[in-house]
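As provided, data_20.txt (compact mmCIF, C-alpha atoms) reads as follows.
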# COMPACT_ATOMS: atom_id res chain seq x y z
CA MET A 1002 73.87 106.58 140.72
CA LYS A 1003 75.90 105.08 137.91
CA GLN A 1004 77.59 107.53 135.49
CA TRP A 1005 77.42 106.29 131.87
CA PRO A 1006 80.31 107.39 129.60
CA ILE A 1007 79.25 110.17 127.25
CA ASN A 1008 79.35 109.02 123.59
CA HIS A 1009 79.96 112.19 121.63
CA LEU A 1010 79.28 112.21 117.91
CA THR A 1011 81.85 110.39 115.79
CA ALA A 1012 83.19 111.43 112.39
CA ASP A 1013 80.72 109.02 110.77
CA ASP A 1014 77.90 110.63 112.76
CA LEU A 1015 78.98 114.02 111.40
CA ASP A 1016 78.79 112.65 107.86
CA ALA A 1017 75.39 111.18 108.61
CA PHE A 1018 74.33 114.57 109.98
CA HIS A 1019 75.35 116.26 106.69
CA SER A 1020 73.44 113.72 104.64
CA ALA A 1021 70.41 113.96 106.98
CA SER A 1022 70.66 110.31 107.96
CA LEU A 1023 71.66 110.64 111.61
CA SER A 1024 70.62 107.71 113.78
CA ILE A 1025 67.97 108.23 116.46
CA ALA A 1026 70.49 107.66 119.26
CA ALA A 1027 72.89 110.22 117.80
CA ARG A 1028 70.04 112.68 117.31
CA GLU A 1029 69.01 112.29 120.91
CA HIS A 1030 72.59 112.87 122.00
CA LEU A 1031 72.77 115.96 119.83
CA ASP A 1032 69.66 117.37 121.49
CA GLU A 1033 71.29 117.03 124.90
CA CYS A 1034 74.98 117.83 124.20
CA ALA A 1035 75.80 121.50 123.61
CA GLU A 1036 79.41 120.63 122.67
CA CYS A 1037 78.34 118.31 119.84
CA ARG A 1038 75.67 120.76 118.72
CA ALA A 1039 78.30 123.50 118.39
CA LEU A 1040 80.61 121.13 116.53
CA THR A 1041 77.96 120.02 114.05
CA LEU A 1042 76.90 123.59 113.40
CA GLN A 1043 80.50 124.67 112.76
CA ASP A 1044 81.06 121.65 110.53
CA GLN A 1045 77.85 122.31 108.65
CA ALA A 1046 78.86 125.92 108.06
CA LEU A 1047 82.30 124.80 106.84
CA VAL A 1048 80.84 122.21 104.45
CA ARG A 1049 78.42 124.81 103.10
CA VAL A 1050 81.28 127.25 102.48
CA LEU A 1051 83.35 124.56 100.77
CA GLU A 1052 80.45 123.48 98.58
CA ASN A 1053 79.93 127.05 97.47
CA LEU A 1054 83.55 127.78 96.58
CA PRO A 1055 83.70 129.02 93.00
CA GLY A 1056 85.22 126.90 90.25
CA PHE A 1057 88.03 128.39 88.20
CA GLU A 1058 88.15 128.56 84.42
CA PRO A 1059 91.34 128.17 82.43
CA ALA A 1060 92.14 130.96 79.97
CA ALA A 1061 89.97 131.18 76.85
CA GLY A 1062 90.91 128.76 74.06
CA PHE A 1063 92.09 126.07 76.48
CA SER A 1064 90.39 123.23 74.60
CA ASP A 1065 91.88 124.49 71.29
CA ARG A 1066 95.36 124.42 72.80
CA VAL A 1067 94.80 120.89 74.09
CA MET A 1068 93.39 119.72 70.77
CA ALA A 1069 96.39 121.15 68.93
CA ARG A 1070 98.67 118.89 70.96
CA VAL A 1071 96.62 115.69 70.87
CA ALA A 1072 97.13 112.96 68.31
CA LEU A 1073 93.65 111.86 67.28
CA SER A 1074 93.24 108.11 66.94
CA ARG A 1075 92.24 107.16 63.43
CA PRO A 1076 89.73 104.29 63.41
CA VAL A 1077 90.78 101.20 61.44
CA PRO A 1078 88.32 100.44 58.62
CA ALA A 1079 86.20 97.37 59.40
CA ARG A 1080 87.60 95.34 56.48
CA PHE A 1081 91.13 95.66 57.90
CA ARG A 1082 90.10 94.76 61.41
CA VAL A 1083 91.12 91.26 62.51
CA PRO A 1084 89.35 89.97 65.59
CA ARG A 1085 91.94 89.49 68.36
CA LEU A 1086 90.68 86.03 69.24
CA ALA A 1087 90.97 84.81 65.63
CA LEU A 1088 94.50 86.22 65.42
CA ALA A 1089 95.55 84.54 68.66
CA ALA A 1090 93.95 81.24 67.58
CA SER A 1091 95.73 81.24 64.21
CA VAL A 1092 99.11 81.99 65.85
CA PHE A 1093 98.46 79.15 68.28
CA VAL A 1094 97.54 76.72 65.45
CA VAL A 1095 100.59 77.64 63.35
CA LEU A 1096 102.92 77.25 66.34
CA GLY A 1097 101.37 73.92 67.33
CA ALA A 1098 101.53 72.59 63.78
CA SER A 1099 105.19 73.58 63.40
CA ILE A 1100 106.10 71.86 66.69
CA VAL A 1101 104.31 68.65 65.64
CA TRP A 1102 105.93 68.74 62.18
CA SER A 1103 109.40 69.23 63.76
CA LEU A 1104 108.91 66.25 66.05
CA PHE A 1105 108.08 63.98 63.11
CA ASN A 1106 110.81 65.31 60.78
CA ARG A 1107 113.76 65.77 63.08
CA THR A 1108 116.38 64.41 60.64
CA LEU A 1109 115.23 66.64 57.81
CA LEU A 1110 115.08 69.65 60.14
CA LEU A 1111 118.60 68.99 61.49
CA SER A 1112 120.01 68.68 57.96
CA TRP A 1113 118.41 72.02 57.02
CA LEU A 1114 119.83 73.61 60.16
CA ASP A 1115 123.33 72.20 59.43
CA GLN A 1116 123.14 73.48 55.89
CA ALA A 1117 121.96 76.93 57.01
CA ALA A 1118 124.71 77.15 59.68
CA ALA A 1119 127.36 76.20 57.12
CA GLU A 1120 126.06 78.82 54.64
CA VAL A 1121 126.01 81.55 57.29
CA GLY A 1122 129.51 80.64 58.52
CA GLN A 1123 130.84 80.69 54.96
CA ALA A 1124 129.25 84.08 54.26
CA LEU A 1125 130.70 85.56 57.46
CA TRP A 1126 134.19 84.24 56.66
CA VAL A 1127 134.07 85.66 53.13
CA GLY A 1128 132.95 88.99 54.60
CA VAL A 1129 135.86 89.12 57.05
CA ARG A 1130 138.34 88.30 54.27
CA VAL A 1131 136.91 90.96 51.98
CA VAL A 1132 137.18 93.62 54.71
CA ALA A 1133 140.76 92.56 55.62
CA THR A 1134 141.88 92.57 51.98
CA ASN A 1135 140.31 95.98 51.38
CA LEU A 1136 142.04 97.36 54.45
CA THR A 1137 145.50 96.14 53.52
CA GLU A 1138 145.09 97.48 49.99
CA GLN A 1139 144.46 101.03 51.21
CA PRO A 1140 147.31 103.55 50.46
CA TRP A 1141 147.44 104.73 54.11
CA PHE A 1142 147.73 101.22 55.52
CA ALA A 1143 151.54 101.02 55.18
CA GLY A 1144 151.93 104.36 57.01
CA LEU A 1145 149.60 103.24 59.82
CA ARG A 1146 151.51 99.97 60.16
CA GLY A 1147 154.79 101.86 60.37
CA PHE A 1148 153.36 104.17 63.05
CA ALA A 1149 152.02 101.27 65.11
CA SER A 1150 155.36 99.45 65.01
CA SER A 1151 156.68 101.80 67.74
CA THR A 1152 155.15 101.16 71.21
CA GLY A 1153 155.94 104.69 72.40
CA ARG A 1154 154.02 106.28 69.57
CA VAL A 1155 151.00 103.99 70.14
CA VAL A 1156 150.96 104.88 73.86
CA PHE A 1157 151.25 108.59 73.03
CA ALA A 1158 148.38 108.42 70.51
CA GLY A 1159 146.24 106.41 72.97
CA ALA A 1160 146.80 109.00 75.70
CA GLY A 1161 145.85 111.80 73.28
CA LEU A 1162 142.63 110.03 72.36
CA LEU A 1163 141.77 109.46 76.05
CA ILE A 1164 142.31 113.14 76.84
CA ALA A 1165 140.14 114.19 73.89
CA TYR A 1166 137.39 111.76 75.02
CA GLY A 1167 137.55 113.06 78.60
CA ALA A 1168 137.34 116.67 77.42
CA ALA A 1169 134.32 115.86 75.23
CA VAL A 1170 132.49 114.12 78.12
CA TYR A 1171 133.22 117.08 80.44
CA ALA A 1172 131.97 119.57 77.85
CA LEU A 1173 128.80 117.55 77.31
CA ARG A 1174 128.10 117.38 81.06
CA ARG A 1175 128.52 121.16 81.34
CA LEU A 1176 126.06 121.60 78.48
CA LEU A 1177 123.49 119.28 80.08
CA VAL A 1178 123.42 120.98 83.53
CA PRO A 1179 119.98 122.64 83.96
CA PRO A 1180 120.02 126.38 84.72
CA SER A 1181 119.90 127.11 88.46
CA ARG A 1182 117.40 129.95 88.09
CA PRO A 1183 114.42 130.36 85.76
CA VAL A 1184 115.37 131.55 82.30
CA PRO A 1185 112.95 134.16 80.89
CA HIS A 1186 111.18 133.22 77.63
CA ALA A 1187 112.75 129.77 77.69
CA ASP A 1188 109.50 127.97 76.93
CA TRP A 1189 109.18 128.79 73.27
CA MET B 1014 77.67 119.62 63.03
CA ALA B 1015 75.96 121.71 65.75
CA GLU B 1016 73.40 118.95 66.12
CA ARG B 1017 76.17 116.39 66.71
CA ALA B 1018 77.77 118.70 69.27
CA SER B 1019 74.50 118.97 71.19
CA GLN B 1020 74.05 115.17 70.95
CA LEU B 1021 77.50 114.74 72.48
CA LYS B 1022 76.67 117.26 75.21
CA ALA B 1023 73.70 115.15 76.23
CA ALA B 1024 75.59 111.85 75.99
CA SER B 1025 77.14 110.02 78.94
CA ASP B 1026 80.91 110.01 79.48
CA GLN B 1027 81.13 106.42 78.22
CA GLU B 1028 79.29 107.29 75.02
CA VAL B 1029 81.51 110.29 74.37
CA VAL B 1030 84.63 108.20 75.04
CA ALA B 1031 83.37 105.57 72.58
CA ALA B 1032 82.87 108.27 69.93
CA ALA B 1033 86.34 109.67 70.64
CA THR B 1034 88.04 106.27 70.34
CA ALA B 1035 86.27 105.91 66.99
CA GLY B 1036 88.23 109.00 65.92
CA GLU B 1037 85.56 111.69 66.27
CA GLU B 1038 87.27 115.01 66.95
CA ALA B 1039 84.13 116.65 68.36
CA ALA B 1040 84.03 113.95 71.04
CA TYR B 1041 87.59 114.72 72.11
CA ARG B 1042 86.68 118.38 72.39
CA GLU B 1043 83.53 117.57 74.36
CA LEU B 1044 85.57 115.58 76.90
CA VAL B 1045 87.96 118.49 77.37
CA GLN B 1046 85.14 121.00 77.73
CA ARG B 1047 83.27 118.75 80.13
CA TYR B 1048 86.20 118.45 82.55
CA GLU B 1049 88.34 121.54 81.97
CA ARG B 1050 86.75 123.52 84.78
CA PRO B 1051 86.85 120.89 87.57
CA VAL B 1052 90.32 119.69 86.56
CA PHE B 1053 91.70 123.21 86.34
CA SER B 1054 90.07 124.20 89.65
CA LEU B 1055 91.52 121.19 91.45
CA ILE B 1056 95.02 121.70 90.07
CA TYR B 1057 94.90 125.47 90.60
CA ARG B 1058 93.94 125.01 94.24
CA MET B 1059 96.73 122.47 94.62
CA VAL B 1060 99.58 124.46 93.02
CA ARG B 1061 98.24 128.03 93.52
CA ASN B 1062 99.72 129.39 90.30
CA ARG B 1063 97.39 130.03 87.36
CA GLU B 1064 99.95 129.64 84.58
CA LEU B 1065 101.34 126.45 86.05
CA ALA B 1066 97.85 125.09 86.72
CA GLU B 1067 97.03 125.64 83.07
CA ASP B 1068 100.17 123.80 81.94
CA LEU B 1069 99.43 120.88 84.27
CA SER B 1070 95.79 120.78 83.17
CA GLN B 1071 96.87 120.67 79.54
CA GLU B 1072 99.30 117.89 80.37
CA THR B 1073 96.47 116.02 82.10
CA PHE B 1074 94.13 116.23 79.12
CA ILE B 1075 96.85 115.31 76.65
CA LYS B 1076 97.62 112.20 78.71
CA VAL B 1077 93.94 111.34 78.99
CA LEU B 1078 93.13 111.82 75.33
CA ASN B 1079 96.23 110.06 74.04
CA ALA B 1080 95.52 107.08 76.29
CA LEU B 1081 91.78 106.84 75.59
CA ALA B 1082 92.28 103.48 73.88
CA SER B 1083 93.54 102.03 77.15
CA TYR B 1084 90.61 103.41 79.20
CA ARG B 1085 88.50 100.63 80.72
CA PRO B 1086 84.81 101.55 80.62
CA GLU B 1087 84.02 99.60 83.81
CA TYR B 1088 85.69 102.45 85.73
CA LYS B 1089 84.23 105.94 86.02
CA PHE B 1090 85.77 108.26 83.45
CA SER B 1091 85.75 111.15 85.93
CA SER B 1092 87.79 109.06 88.41
CA TRP B 1093 90.39 108.38 85.74
CA VAL B 1094 90.64 112.06 84.76
CA PHE B 1095 90.90 113.24 88.36
CA LYS B 1096 93.49 110.57 89.12
CA ILE B 1097 95.72 111.82 86.29
CA ALA B 1098 95.14 115.45 87.30
CA ASN B 1099 95.93 114.77 90.94
CA ASN B 1100 99.08 112.83 90.01
CA ALA B 1101 100.23 115.75 87.84
CA ALA B 1102 99.71 118.22 90.72
CA ILE B 1103 101.28 115.99 93.38
CA ASP B 1104 104.28 115.22 91.14
CA HIS B 1105 104.80 118.93 90.65
CA LEU B 1106 104.53 119.67 94.39
CA ARG B 1107 107.05 116.90 95.15
CA ARG B 1108 109.48 118.23 92.55
CA ARG B 1109 109.10 121.75 93.90
CA GLU B 1110 109.64 120.50 97.43
CA LEU B 1111 112.86 118.79 96.36
CA ASP B 1112 114.05 121.97 94.66
CA THR B 1113 113.15 124.51 97.32
CA LEU B 1114 112.94 122.88 100.71
CA SER B 1115 116.59 123.15 101.60
CA LEU B 1116 117.58 126.45 103.20
CA GLU B 1117 121.10 125.71 102.04
CA GLY B 1118 119.97 125.66 98.43
CA SER B 1119 119.29 122.85 96.00
CA PRO B 1120 121.23 119.65 96.63
CA HIS B 1121 122.28 119.81 92.95
CA ALA B 1122 123.87 123.24 93.34
CA ASP B 1123 127.63 122.87 93.18
CA THR B 1124 128.82 126.48 93.16
CA ALA B 1125 128.28 129.33 95.62
CA GLU B 1126 126.26 131.24 93.03
CA LYS B 1127 123.95 128.31 92.36
CA ILE B 1128 123.49 127.65 96.08
CA GLU B 1129 122.50 131.26 96.63
CA ALA B 1130 120.12 131.23 93.67
CA THR B 1131 118.28 128.09 94.79
CA ALA B 1132 118.26 128.98 98.49
CA LEU B 1133 116.59 132.29 97.65
CA GLN B 1134 113.52 130.52 96.32
CA ILE B 1135 112.30 129.62 99.80
CA GLY B 1136 112.10 133.16 101.02
CA GLU B 1137 111.18 134.75 97.70
CA LYS B 1138 108.52 137.36 98.41
CA ALA B 1139 108.48 139.21 95.14
CA GLU B 1140 105.50 138.07 93.08
CA SER B 1141 104.93 138.23 89.37
CA ALA B 1142 101.83 139.92 87.95
CA LEU B 1143 100.33 136.47 87.36
CA ASP B 1144 101.03 135.38 90.94
CA ALA B 1145 99.46 138.59 92.18
CA VAL B 1146 96.27 137.80 90.24
CA ALA B 1147 96.34 134.23 91.56
CA ASN B 1148 96.81 135.35 95.14
CA LYS B 1149 93.96 137.81 94.84
CA GLU B 1150 91.74 135.14 93.29
CA LEU B 1151 92.65 132.58 95.95
CA GLY B 1152 92.89 135.18 98.64
CA GLY B 1153 89.87 134.31 100.78
CA GLU B 1154 90.53 133.01 104.26
CA ILE B 1155 89.06 129.64 103.33
CA GLU B 1156 91.37 129.34 100.31
CA GLN B 1157 94.34 130.27 102.46
CA ALA B 1158 93.35 127.67 105.02
CA ILE B 1159 92.95 125.00 102.31
CA ALA B 1160 96.37 125.91 100.95
CA LYS B 1161 97.93 125.22 104.35
CA LEU B 1162 96.57 121.66 104.49
CA ARG B 1163 98.85 118.74 103.66
CA PRO B 1164 98.55 117.98 99.92
CA GLU B 1165 96.79 114.64 100.49
CA TYR B 1166 94.24 116.27 102.84
CA ARG B 1167 93.82 119.10 100.35
CA THR B 1168 93.04 116.75 97.45
CA CYS B 1169 90.58 114.79 99.57
CA ILE B 1170 88.69 117.80 100.88
CA LEU B 1171 88.55 119.43 97.43
CA LEU B 1172 87.29 116.27 95.75
CA ARG B 1173 84.74 115.60 98.48
CA HIS B 1174 83.27 118.99 99.25
CA VAL B 1175 84.16 121.19 96.28
CA GLU B 1176 83.79 118.65 93.47
CA GLY B 1177 81.15 116.63 95.35
CA ARG B 1178 82.73 113.21 94.70
CA PRO B 1179 81.63 110.30 96.90
CA TYR B 1180 84.12 108.73 99.32
CA GLU B 1181 84.37 105.55 97.24
CA GLU B 1182 85.34 107.47 94.11
CA ILE B 1183 87.94 109.49 96.01
CA ALA B 1184 89.44 106.24 97.33
CA GLU B 1185 89.61 104.98 93.73
CA ILE B 1186 91.12 108.24 92.45
CA LEU B 1187 93.81 108.36 95.12
CA ASN B 1188 94.40 104.62 95.34
CA LEU B 1189 93.79 104.74 99.08
CA PRO B 1190 91.66 102.59 101.38
CA LEU B 1191 88.21 104.03 102.04
CA GLY B 1192 88.96 104.37 105.76
CA THR B 1193 92.07 106.43 105.06
CA VAL B 1194 90.11 108.76 102.80
CA LYS B 1195 87.47 109.28 105.49
CA THR B 1196 90.17 109.94 108.09
CA TYR B 1197 91.93 112.45 105.82
CA ILE B 1198 88.69 114.30 105.14
CA HIS B 1199 87.73 114.49 108.81
CA ARG B 1200 91.20 115.64 109.80
CA ALA B 1201 91.14 118.22 107.04
CA ARG B 1202 87.75 119.49 108.23
CA ASN B 1203 89.06 119.65 111.81
CA GLU B 1204 92.08 121.66 110.70
CA LEU B 1205 89.90 123.98 108.63
CA ARG B 1206 87.46 124.48 111.54
CA ILE B 1207 90.36 125.39 113.81
CA ALA B 1208 91.93 127.69 111.21
CA LEU B 1209 88.62 129.46 110.61
CA ALA B 1210 87.40 129.46 114.22
CA HIS B 1211 87.99 133.21 114.53
CA LEU B 1212 85.50 133.94 111.76
CA LYS B 1213 81.91 134.55 112.75
CA GLU B 1214 79.28 133.20 110.41
In structure tokens, write the structure found in this file.
Amino acid sequence: MKQWPINHLTADDLDAFHSASLSIAAREHLDECAECRALTLQDQALVRVLENLPGFEPAAGFSDRVMARVALSRPVPARFRVPRLALAASVFVVLGASIVWSLFNRTLLLSWLDQAAAEVGQALWVGVRVVATNLTEQPWFAGLRGFASSTGRVVFAGAGLLIAYGAAVYALRRLLVPPSRPVPHADW
Amino acid sequence: MAERASQLKAASDQEVVAAATAGEEAAYRELVQRYERPVFSLIYRMVRNRELAEDLSQETFIKVLNALASYRPEYKFSSWVFKIANNAAIDHLRRRELDTLSLEGSPHADTAEKIEATALQIGEKAESALDAVANKELGGEIEQAIAKLRPEYRTCILLRHVEGRPYEEIAEILNLPLGTVKTYIHRARNELRIALAHLKE
């Protein structure tokens, strides 16, 4: 006599069993197989226990605490609301029009650009000269120039500044290290 | 005012979200009240510390409410809330794992004192009053067995059988393929059956 392999219930069959939609073949197998019957009963008991686990409530006033920390969105009055599509379309039209205009008026556009570049360059140059003149007119400038005339002194001052910078970075890193153990009352 | 509150109570999630995005404070409150219990329960069972669960739940709701404008109504609101809650819990568990897993102390500890302080956390048995309450509350054998599951199995089994969410929604919440979710849930149930085998019904 041929021995057919036993098809025990699968995980999907177990789910079907819980939702009372087990196929006829699986139901027939369940009637005959004590192992699967025990498994389904255990699984059913487990699911029942899980479904009946109590929910937990946060402490009273939870929603008030949340609301105190939430930024409510203020609705924009209808008259100030611009439909997104209209906004996108107008940006598109303005951009398109400016490109077309530029293509037809290249000479005029280039002359404006040249003029603007010249004006900006001039303004920058005047600015640099004003700053330089102001600097050289300062009473401490002669002293600084005298100090910088000696290479040794400049090197010495540079080294001092580097050491001060290094010490500041080290101090800052020490300050930023998180505490290794919980600090009581640190959450106020 | 009370009438509006009862209207909101009867409204669907989408309707309440619409009212909240229009700036109605009562709608914000309704969303918090509607989900505070399931969100807190899920996070509490994940992190097993009441105070921390409350902080993470608050963080979840603040994220949800501040990002309501970016919520897309074609998705289930509950899925979105649970996704943010689960991410908050999993992020915390990962951070805690990084901080406490090493027996030699935290990898960031650079002095003997710091190494000792961080290494102690793994074997810390002393519990605060709050932890004691939490452990009593979560003290049943089933809760203990759930706590021993891998975090991804734990989330799946809690969402499926405690919160009653369908497989498809859990897949959406956890960003996992449906098959993986089913596998996780069946493995979790197997582990729970084995862990609770000594109990008679």
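When the distance limit is 7 Å and all atoms listed in the file are what count, the residues near A:Ser1064, minus those fewer than 4 positions from it on the same chain, are A:Met1068, B:Arg1042, B:Val1045, B:Gln1046.
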Q. With all atoms listed in the file as the atoms that count, which of B:Glu1181, B:Glu1110, B:Asp1068, B:Asp1026 lies nearest to chain A?
A.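 Nearest candidate to chain A out of B:Glu1181, B:Glu1110, B:Asp1068, B:Asp1026: B:Asp1068.
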(Q) Taking all atoms listed in the file into account, name the residue in B:Val1175, B:Ala1158, B:Ile1183, B:Val1194 that is nearest to chain A. (A)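 Ranking B:Val1175, B:Ala1158, B:Ile1183, B:Val1194 by distance to chain A, first place goes to B:Val1175.
Proximity ranking of A:Glu1033, A:Glu1138, A:Asp1013, A:Glu1120 relative to chain B places A:Asp1013 first, based on only C-alpha atoms.
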Q: Find the distance between atom CA of B:Leu1209 and atom CA of B:Leu1055 and write it in Å to one decimal.
A: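 Atom CA of B:Leu1055 lies at a distance of 21.1 Å from atom CA of B:Leu1209.
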Q.
If I take atom CA of B:Gly1177 and atom CA of B:Glu1038, how far is one from the other in Å, to one decimal?
A.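 That distance, rounded to one decimal, is 29.1 Å.
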